Amino acid sequence: MHKLEFKLKHGNPYPPGCTVTEGGVNFSIFSRHATAVELLLFTASDSTEPSHIITLSKEKNRTFFSWHVFVKDLPVGTWYCWRLDGPYDPVHSGLRFDKDKHLLDPWARAVSHKRWQRAIACRPGDNSQTAMRGAVVDLRYDWEGDTPLRISSEKAIVYELHVGGYTRDTTAKVKHPGTFAGLIEKIPYLQALGISHVELLPVMAFDEQDVPQHTAELGLKNYWGYSTHSFFSPHPGFCVTPEQGTHIQEFRDLVKALHKAGMGVILDVVFNHTSEAGTRGPMINFKGISGDIFYHLDPFDKSIFHDYTGCGNTVNANHPLVSRFIISCLEYWVREMHVDGFRFDLASALARGEGGEVLHNPPVLWGIELSEQLARTKLIAEAWDAAGLYQVGSFPGYRWGEWNGRYRDSVRRFLRGDKGIVNEVATRLCGSSDLYEPHGRMPISSINFITCHDGFTLYDLFSYNQKHNEANGENNQDGCNNSLSYNCGVEGDTDNPAIMALRRQQAKNALAILLLSQGVPMLLAGDEFLNTQNGNNNGYCQDNGLSWLNWDLAKQNADIVRFVQQMIALRKRHPSIMRRHFLTGKPSGERLLPDIIWHWQNGDDVPCWDDPHAQLLRYTLIGREIHEAHEADLHIVMNMADTAVTINLPVFEGRIWYLAVNTSLVSPGDIVLPNKQKRAGKSGYQVAGRSVVVFEGR
């Protein structure tokens, strides 16, 4: 350790964290019960010893419960961490101070895990050789006039992807695979696809070593990233030069590039728990600083962590200080990083009060909704937690969108051929008014999805009836046991051409239904080219070819990619699919036609909703009047029976129908642009079994 070379000033308690200003750097950390605090400085992220140790004085460097110091002329790029001493009384107070532990700054803007060893952090005492560290970062950046995008939710088409897995495979052919920079190279592909937003699986710094021991022994690690420890720092594993502290610049470069291409950025954020896990988990930051307030602890034995997340701990989100931490973090990512929205993992855990009770008006959720800085951002909730709280349709607040698990399950059942559920499916396709309309919410409250990162890929949904998670090292006990899937007759790979063709057709059926539904559609990256995980429906630990996207499939299945591109284009040219308000079935507009007309197989306009054998939905969406022009009408037929049906097309106002989509046909006949569509006859059109057919009426 060198002799102290920097001049010190008392510093300021606000803002918390590390702040570069003219003349030096201000450091501030909140800890109510700390009795001694040291700031440790390092010349590099992997330095074995600190270059300087700065001991803070209670008299000079503490304001109420914040400890702070200003280091004059400290260069950007310096690495740092904290050491705190104080009471150790986990049972009665929940305090776990350990004077030998190197602790990450919870507000660190860039972190390194180069020397990190989780197992050592789980033990008491010195972890100086294996701890993570934060970097002094200058927030200045040339945004070139960029601002967060303002894309209306009814026009949104969300594309969920994993930054690492999207380009890690050699088939991606990018210069910097598995990084923010690698994703930038794929922007032309995303543009051509037509999506409006990318939803990034967790990009806040997470612990890749947070997996069960038997899984770690297989050489596997935490891949998905639902194990955050540093909520203000981009994940170093997604950076090209993380040891130079370039996290923020590299992430901003991605956001700016996506915005220039017209696409927004939604972050999947994990505020329900942290990577510090439970009693036996590691001490990284919060446990050693303010663990008595940051987590839900048992009131009778505070060494016990209440776990509503299935991850060992639950963030005490509605404590005033924790709530402020969460909201200020979100505001930071909007203000400084220009992100366009957030999807909250296990968001219902944030609805629990300090005793674990479910709150009717959770302060943190309302604080997020009412924040002026977040007023124009997308807010999406995974409206359940791991302890049985399920709030789809009733999540606290008004402008939150919700991952609609009811939509997913109903459509999956419909696709696999379940009978007598057309009433339920019709409600889901029309925006789930039963869930949202009674509360004054809108179709855009429903985030519709059939697949996501958690579960089967779309191709696997029609290739496996059972999960195949043996590679995870948990004896196939992990992952969902009720995938509502349909393997088309054979489990897994097959050379049977009929089954292979049906799987492709089913994939197109799912994609068509999703993009024809009212609400906000969300696609899983890779589904558009039939990516597979070989039946593994819980790839959280598979940072390898099993979960990485194989871009060769985009070439092999170019017809499916084209189908998705054109289905997105069809959706965009039909405002009747992208409604902000619910369909009514009542006449309106100059044409005095209902906005939706339901038909039945025999042509009767009064559908038999209670038919226990029904597997067909058929309806007409009447085009909207936009800028004195009439949008083309749509006649949509979804036949999930094995057998074909013959229909007569509706007759009104001299409408002429043109075939736009038929998933039973091979490309390019499966979807046709308006200028190449062929006129359909008025009667006797045969709709094949397990197919979706769409006509455009002009």
# chains A, B, ... in the order shown; residues from 1 in each chain; ligands from 1

$ residues_around --residues "A:Gln466" --least-positions-apart "2" --cutoff "8 Å" --atoms "only C-alpha atoms" --output "list in words"
Tyr464, His468, Asn481, Ser483 and Gly535 of chain A

$ residues_around --residues "stretch 3-15 of chain A" --least-positions-apart "4" --cutoff "7 Å" --atoms "only C-alpha atoms" --output "ChimeraX atom specification"
/A:26,28,52,60-61,63,66-73

$ closest_residue --among "A:Pro362, A:Gly397, A:Pro299, A:Pro124" --to "A:Val91" --atoms "only C-alpha atoms"
A:Pro299

$ closest_residue --among "A:Phe582, A:Phe232, A:Tyr223, A:Tyr486" --to "A:Asp434" --atoms "only C-alpha atoms"
A:Phe582

$ closest_residue --among "A:Leu593, A:Ala632, A:Ala386, A:Val651" --to "A:Pro575" --atoms "only C-alpha atoms"
A:Ala632

$ residues_around --residues "A:Ala641" --least-positions-apart "2" --cutoff "12 Å" --atoms "only C-alpha atoms" --output "list in words"
Phe414, Leu415, Arg416, Gly417, Asp418, Lys419, Gly420, Val422, Gln506, His613, Ala614, Gln615, Leu616, Leu617, Val637, Met638, Asn639, Thr643, Ala644, Val645, Val687, Ala688, Gly689, Arg690, Ser691 and Val692 of chain A

$ write_last_selection --atoms "C-alpha atoms" --output "PDB file, in the first residue's frame"
ATOM      1  CA  PHE A 414     -56.001 -24.201 -28.465  1.00  0.00           C
ATOM      2  CA  LEU A 415     -52.937 -24.946 -30.596  1.00  0.00           C
ATOM      3  CA  ARG A 416     -52.528 -28.461 -29.232  1.00  0.00           C
ATOM      4  CA  GLY A 417     -56.137 -29.199 -30.145  1.00  0.00           C
ATOM      5  CA  ASP A 418     -58.077 -28.892 -26.893  1.00  0.00           C
ATOM      6  CA  LYS A 419     -61.805 -28.755 -27.563  1.00  0.00           C
ATOM      7  CA  GLY A 420     -64.509 -26.489 -26.196  1.00  0.00           C
ATOM      8  CA  VAL A 422     -63.041 -21.188 -28.067  1.00  0.00           C
ATOM      9  CA  GLN A 506     -47.936 -25.228 -35.961  1.00  0.00           C
ATOM     10  CA  HIS A 613     -66.327 -29.966 -29.478  1.00  0.00           C
ATOM     11  CA  ALA A 614     -65.480 -26.596 -31.034  1.00  0.00           C
ATOM     12  CA  GLN A 615     -61.952 -26.132 -32.356  1.00  0.00           C
ATOM     13  CA  LEU A 616     -62.582 -23.319 -34.804  1.00  0.00           C
ATOM     14  CA  LEU A 617     -62.713 -19.536 -34.454  1.00  0.00           C
ATOM     15  CA  VAL A 637     -60.248 -18.335 -39.653  1.00  0.00           C
ATOM     16  CA  MET A 638     -58.397 -20.429 -37.050  1.00  0.00           C
ATOM     17  CA  ASN A 639     -59.029 -24.143 -37.430  1.00  0.00           C
ATOM     18  CA  THR A 643     -59.753 -32.101 -40.385  1.00  0.00           C
ATOM     19  CA  ALA A 644     -60.435 -29.428 -42.994  1.00  0.00           C
ATOM     20  CA  VAL A 645     -63.557 -27.270 -43.002  1.00  0.00           C
ATOM     21  CA  VAL A 687     -59.487 -24.330 -44.619  1.00  0.00           C
ATOM     22  CA  ALA A 688     -57.046 -27.142 -43.881  1.00  0.00           C
ATOM     23  CA  GLY A 689     -56.815 -28.789 -40.495  1.00  0.00           C
ATOM     24  CA  ARG A 690     -54.524 -27.075 -38.002  1.00  0.00           C
ATOM     25  CA  SER A 691     -54.212 -23.891 -39.994  1.00  0.00           C
ATOM     26  CA  VAL A 692     -54.824 -20.161 -39.822  1.00  0.00           C
TER      27      VAL A 692
END

$ select_by_dssp --residues "stretch 224-468 of chain A" --states "strand (DSSP E or B)" --output "VMD selection string"
chain A and resid 228 to 234 264 to 269 295 297 305 315 341 to 344 352 358 378 to 381 384 390 401 to 403 446 to 448

$ write_last_selection --atoms "N, CA and C atoms" --output "tab-separated table (two decimals), in the first residue's frame"
chain	number	residue	atom	x	y	z
A	228	THR	N	-29.04	-10.45	-9.66
A	228	THR	CA	-28.41	-9.14	-9.68
A	228	THR	C	-27.73	-8.83	-8.34
A	229	HIS	N	-26.56	-8.18	-8.44
A	229	HIS	CA	-25.94	-7.65	-7.23
A	229	HIS	C	-25.65	-6.16	-7.34
A	230	SER	N	-25.50	-5.65	-8.56
A	230	SER	CA	-25.18	-4.24	-8.75
A	230	SER	C	-26.17	-3.64	-9.75
A	231	PHE	N	-27.16	-2.94	-9.22
A	231	PHE	CA	-28.30	-2.52	-10.02
A	231	PHE	C	-28.02	-1.29	-10.89
A	232	PHE	N	-26.89	-0.61	-10.64
A	232	PHE	CA	-26.55	0.57	-11.44
A	232	PHE	C	-25.50	0.26	-12.51
A	233	SER	N	-24.99	-0.95	-12.53
A	233	SER	CA	-23.90	-1.29	-13.44
A	233	SER	C	-24.34	-2.26	-14.52
A	234	PRO	N	-24.03	-1.97	-15.80
A	234	PRO	CA	-24.21	-3.01	-16.83
A	234	PRO	C	-23.34	-4.22	-16.51
A	264	GLY	N	-36.91	0.64	-29.58
A	264	GLY	CA	-36.75	0.96	-28.17
A	264	GLY	C	-36.09	-0.18	-27.41
A	265	VAL	N	-35.69	0.13	-26.17
A	265	VAL	CA	-35.00	-0.83	-25.31
A	265	VAL	C	-35.77	-0.98	-24.00
A	266	ILE	N	-36.19	-2.20	-23.71
A	266	ILE	CA	-36.85	-2.53	-22.46
A	266	ILE	C	-35.93	-3.45	-21.67
A	267	LEU	N	-35.69	-3.14	-20.41
A	267	LEU	CA	-34.82	-3.97	-19.57
A	267	LEU	C	-35.63	-4.88	-18.67
A	268	ASP	N	-35.25	-6.13	-18.63
A	268	ASP	CA	-35.80	-7.08	-17.66
A	268	ASP	C	-35.04	-6.86	-16.36
A	269	VAL	N	-35.73	-6.37	-15.33
A	269	VAL	CA	-35.07	-5.99	-14.09
A	269	VAL	C	-35.52	-6.89	-12.95
A	295	TYR	N	-33.77	-6.61	3.27
A	295	TYR	CA	-34.42	-7.90	3.02
A	295	TYR	C	-35.57	-8.13	3.99
A	297	LEU	N	-36.94	-10.16	6.72
A	297	LEU	CA	-36.38	-11.03	7.74
A	297	LEU	C	-37.48	-11.50	8.68
A	305	PHE	N	-34.13	-15.50	6.48
A	305	PHE	CA	-34.62	-14.67	5.38
A	305	PHE	C	-35.94	-15.24	4.86
A	315	VAL	N	-36.32	-8.88	-1.50
A	315	VAL	CA	-36.02	-7.48	-1.22
A	315	VAL	C	-37.21	-6.84	-0.52
A	341	GLY	N	-38.07	1.41	-21.16
A	341	GLY	CA	-39.03	0.72	-20.31
A	341	GLY	C	-38.40	-0.41	-19.54
A	342	PHE	N	-39.22	-1.03	-18.70
A	342	PHE	CA	-38.75	-2.08	-17.81
A	342	PHE	C	-39.78	-3.20	-17.71
A	343	ARG	N	-39.29	-4.40	-17.67
A	343	ARG	CA	-40.12	-5.57	-17.35
A	343	ARG	C	-39.64	-6.07	-15.99
A	344	PHE	N	-40.54	-6.18	-15.02
A	344	PHE	CA	-40.18	-6.49	-13.65
A	344	PHE	C	-40.39	-7.98	-13.37
A	352	ARG	N	-45.47	-6.70	-1.61
A	352	ARG	CA	-45.53	-7.17	-0.22
A	352	ARG	C	-44.97	-6.12	0.74
A	358	VAL	N	-49.58	-8.80	1.66
A	358	VAL	CA	-49.86	-8.20	0.36
A	358	VAL	C	-50.53	-6.85	0.57
A	378	LYS	N	-42.27	2.35	-20.63
A	378	LYS	CA	-43.11	1.16	-20.55
A	378	LYS	C	-42.86	0.49	-19.19
A	379	LEU	N	-43.92	0.12	-18.52
A	379	LEU	CA	-43.82	-0.63	-17.26
A	379	LEU	C	-44.56	-1.95	-17.45
A	380	ILE	N	-43.84	-3.05	-17.33
A	380	ILE	CA	-44.41	-4.37	-17.57
A	380	ILE	C	-44.14	-5.24	-16.35
A	381	ALA	N	-45.16	-5.87	-15.84
A	381	ALA	CA	-45.04	-6.70	-14.64
A	381	ALA	C	-45.19	-8.18	-14.98
A	384	TRP	N	-46.78	-12.10	-10.72
A	384	TRP	CA	-46.88	-13.18	-9.74
A	384	TRP	C	-45.54	-13.28	-9.03
A	390	TYR	N	-50.68	-14.31	-7.22
A	390	TYR	CA	-50.92	-14.23	-8.66
A	390	TYR	C	-51.84	-13.05	-8.91
A	401	GLY	N	-48.37	-2.72	-17.88
A	401	GLY	CA	-48.69	-3.89	-18.69
A	401	GLY	C	-48.36	-5.14	-17.89
A	402	GLU	N	-48.98	-6.24	-18.26
A	402	GLU	CA	-48.74	-7.49	-17.54
A	402	GLU	C	-48.42	-8.61	-18.52
A	403	TRP	N	-47.41	-9.41	-18.19
A	403	TRP	CA	-47.23	-10.67	-18.92
A	403	TRP	C	-48.49	-11.50	-18.68
A	446	SER	N	-52.32	-5.95	-21.73
A	446	SER	CA	-52.01	-7.36	-21.92
A	446	SER	C	-50.78	-7.53	-22.78
A	447	ILE	N	-49.71	-8.05	-22.19
A	447	ILE	CA	-48.53	-8.43	-22.97
A	447	ILE	C	-48.74	-9.89	-23.36
A	448	ASN	N	-49.06	-10.10	-24.62
A	448	ASN	CA	-49.38	-11.43	-25.11
A	448	ASN	C	-48.12	-12.18	-25.51

$ closest_residue --among "A:Trp598, A:Cys430, A:Cys239, A:Thr215" --to "A:Ala471" --atoms "only C-alpha atoms"
A:Thr215

$ residues_around --residues "A:Trp79" --least-positions-apart "5" --cutoff "8 Å" --atoms "only C-alpha atoms" --output "ChimeraX atom specification"
/A:41-45,133-136

$ atom_distance --atom1 "atom CA of A:Glu243" --atom2 "atom CA of A:Ser112"
6.6 Å

$ atom_distance --atom1 "atom CA of A:Ala36" --atom2 "atom CA of A:Thr55"
8.0 Å

$ residues_around --residues "A:Gln505" --least-positions-apart "5" --cutoff "9 Å" --atoms "only C-alpha atoms" --output "tab-separated table (two decimals) with C-alpha atoms, in the first residue's frame"
chain	number	residue	atom	x	y	z
A	500	MET	CA	-41.77	-32.18	-39.60
A	510	ALA	CA	-48.73	-19.71	-33.20
A	663	THR	CA	-50.36	-21.39	-42.88
A	664	SER	CA	-51.01	-24.76	-44.54
A	665	LEU	CA	-49.33	-23.57	-47.74
A	666	VAL	CA	-45.59	-23.54	-48.32
A	690	ARG	CA	-54.52	-27.07	-38.00
A	691	SER	CA	-54.21	-23.89	-39.99

$ decode --residues "stretch 163-220 of chain A" --atoms "C-alpha atoms" --output "PDB file, in the first residue's frame"
ATOM      1  CA  VAL A 163     -27.570 -10.262 -24.953  1.00  0.00           C
ATOM      2  CA  GLY A 164     -24.959 -12.980 -24.523  1.00  0.00           C
ATOM      3  CA  GLY A 165     -26.736 -15.864 -26.177  1.00  0.00           C
ATOM      4  CA  TYR A 166     -27.942 -13.815 -29.139  1.00  0.00           C
ATOM      5  CA  THR A 167     -24.483 -13.584 -30.702  1.00  0.00           C
ATOM      6  CA  ARG A 168     -22.250 -15.935 -28.689  1.00  0.00           C
ATOM      7  CA  ASP A 169     -22.406 -18.794 -31.185  1.00  0.00           C
ATOM      8  CA  THR A 170     -19.857 -18.744 -33.998  1.00  0.00           C
ATOM      9  CA  THR A 171     -22.727 -18.870 -36.487  1.00  0.00           C
ATOM     10  CA  ALA A 172     -23.612 -15.290 -35.479  1.00  0.00           C
ATOM     11  CA  LYS A 173     -20.445 -14.144 -37.261  1.00  0.00           C
ATOM     12  CA  VAL A 174     -19.959 -10.953 -35.271  1.00  0.00           C
ATOM     13  CA  LYS A 175     -16.713  -9.297 -34.214  1.00  0.00           C
ATOM     14  CA  HIS A 176     -17.494  -9.270 -30.500  1.00  0.00           C
ATOM     15  CA  PRO A 177     -19.741 -12.274 -29.753  1.00  0.00           C
ATOM     16  CA  GLY A 178     -21.911 -12.234 -26.656  1.00  0.00           C
ATOM     17  CA  THR A 179     -21.612  -8.504 -26.008  1.00  0.00           C
ATOM     18  CA  PHE A 180     -23.535  -5.264 -26.353  1.00  0.00           C
ATOM     19  CA  ALA A 181     -21.302  -4.531 -29.344  1.00  0.00           C
ATOM     20  CA  GLY A 182     -22.159  -7.893 -30.892  1.00  0.00           C
ATOM     21  CA  LEU A 183     -25.855  -7.093 -30.630  1.00  0.00           C
ATOM     22  CA  ILE A 184     -25.278  -3.800 -32.449  1.00  0.00           C
ATOM     23  CA  GLU A 185     -24.065  -5.840 -35.427  1.00  0.00           C
ATOM     24  CA  LYS A 186     -27.450  -7.612 -35.554  1.00  0.00           C
ATOM     25  CA  ILE A 187     -29.499  -4.414 -35.715  1.00  0.00           C
ATOM     26  CA  PRO A 188     -30.044  -4.667 -39.508  1.00  0.00           C
ATOM     27  CA  TYR A 189     -31.591  -8.095 -38.947  1.00  0.00           C
ATOM     28  CA  LEU A 190     -33.868  -6.735 -36.216  1.00  0.00           C
ATOM     29  CA  GLN A 191     -34.884  -3.847 -38.450  1.00  0.00           C
ATOM     30  CA  ALA A 192     -35.753  -6.201 -41.283  1.00  0.00           C
ATOM     31  CA  LEU A 193     -37.816  -8.312 -38.900  1.00  0.00           C
ATOM     32  CA  GLY A 194     -39.934  -5.282 -38.036  1.00  0.00           C
ATOM     33  CA  ILE A 195     -40.015  -5.382 -34.222  1.00  0.00           C
ATOM     34  CA  SER A 196     -40.416  -2.141 -32.261  1.00  0.00           C
ATOM     35  CA  HIS A 197     -38.627  -2.983 -28.993  1.00  0.00           C
ATOM     36  CA  VAL A 198     -35.979  -5.367 -27.789  1.00  0.00           C
ATOM     37  CA  GLU A 199     -36.587  -6.658 -24.282  1.00  0.00           C
ATOM     38  CA  LEU A 200     -33.200  -7.584 -22.849  1.00  0.00           C
ATOM     39  CA  LEU A 201     -32.919 -10.322 -20.265  1.00  0.00           C
ATOM     40  CA  PRO A 202     -31.076  -8.978 -17.195  1.00  0.00           C
ATOM     41  CA  VAL A 203     -28.176  -6.704 -18.105  1.00  0.00           C
ATOM     42  CA  MET A 204     -27.594  -5.271 -14.634  1.00  0.00           C
ATOM     43  CA  ALA A 205     -24.462  -6.880 -13.192  1.00  0.00           C
ATOM     44  CA  PHE A 206     -25.246 -10.368 -11.916  1.00  0.00           C
ATOM     45  CA  ASP A 207     -23.425 -13.284 -10.303  1.00  0.00           C
ATOM     46  CA  GLU A 208     -22.653 -15.938 -12.913  1.00  0.00           C
ATOM     47  CA  GLN A 209     -21.580 -18.301 -10.102  1.00  0.00           C
ATOM     48  CA  ASP A 210     -25.020 -18.325  -8.488  1.00  0.00           C
ATOM     49  CA  VAL A 211     -26.147 -21.876  -9.284  1.00  0.00           C
ATOM     50  CA  PRO A 212     -26.723 -24.967  -7.119  1.00  0.00           C
ATOM     51  CA  GLN A 213     -23.534 -26.803  -6.174  1.00  0.00           C
ATOM     52  CA  HIS A 214     -24.302 -29.906  -8.233  1.00  0.00           C
ATOM     53  CA  THR A 215     -24.944 -27.668 -11.229  1.00  0.00           C
ATOM     54  CA  ALA A 216     -21.679 -25.790 -10.691  1.00  0.00           C
ATOM     55  CA  GLU A 217     -19.824 -29.113 -10.516  1.00  0.00           C
ATOM     56  CA  LEU A 218     -20.909 -29.731 -14.106  1.00  0.00           C
ATOM     57  CA  GLY A 219     -19.135 -26.527 -15.127  1.00  0.00           C
ATOM     58  CA  LEU A 220     -22.417 -24.653 -15.582  1.00  0.00           C
TER      59      LEU A 220
END
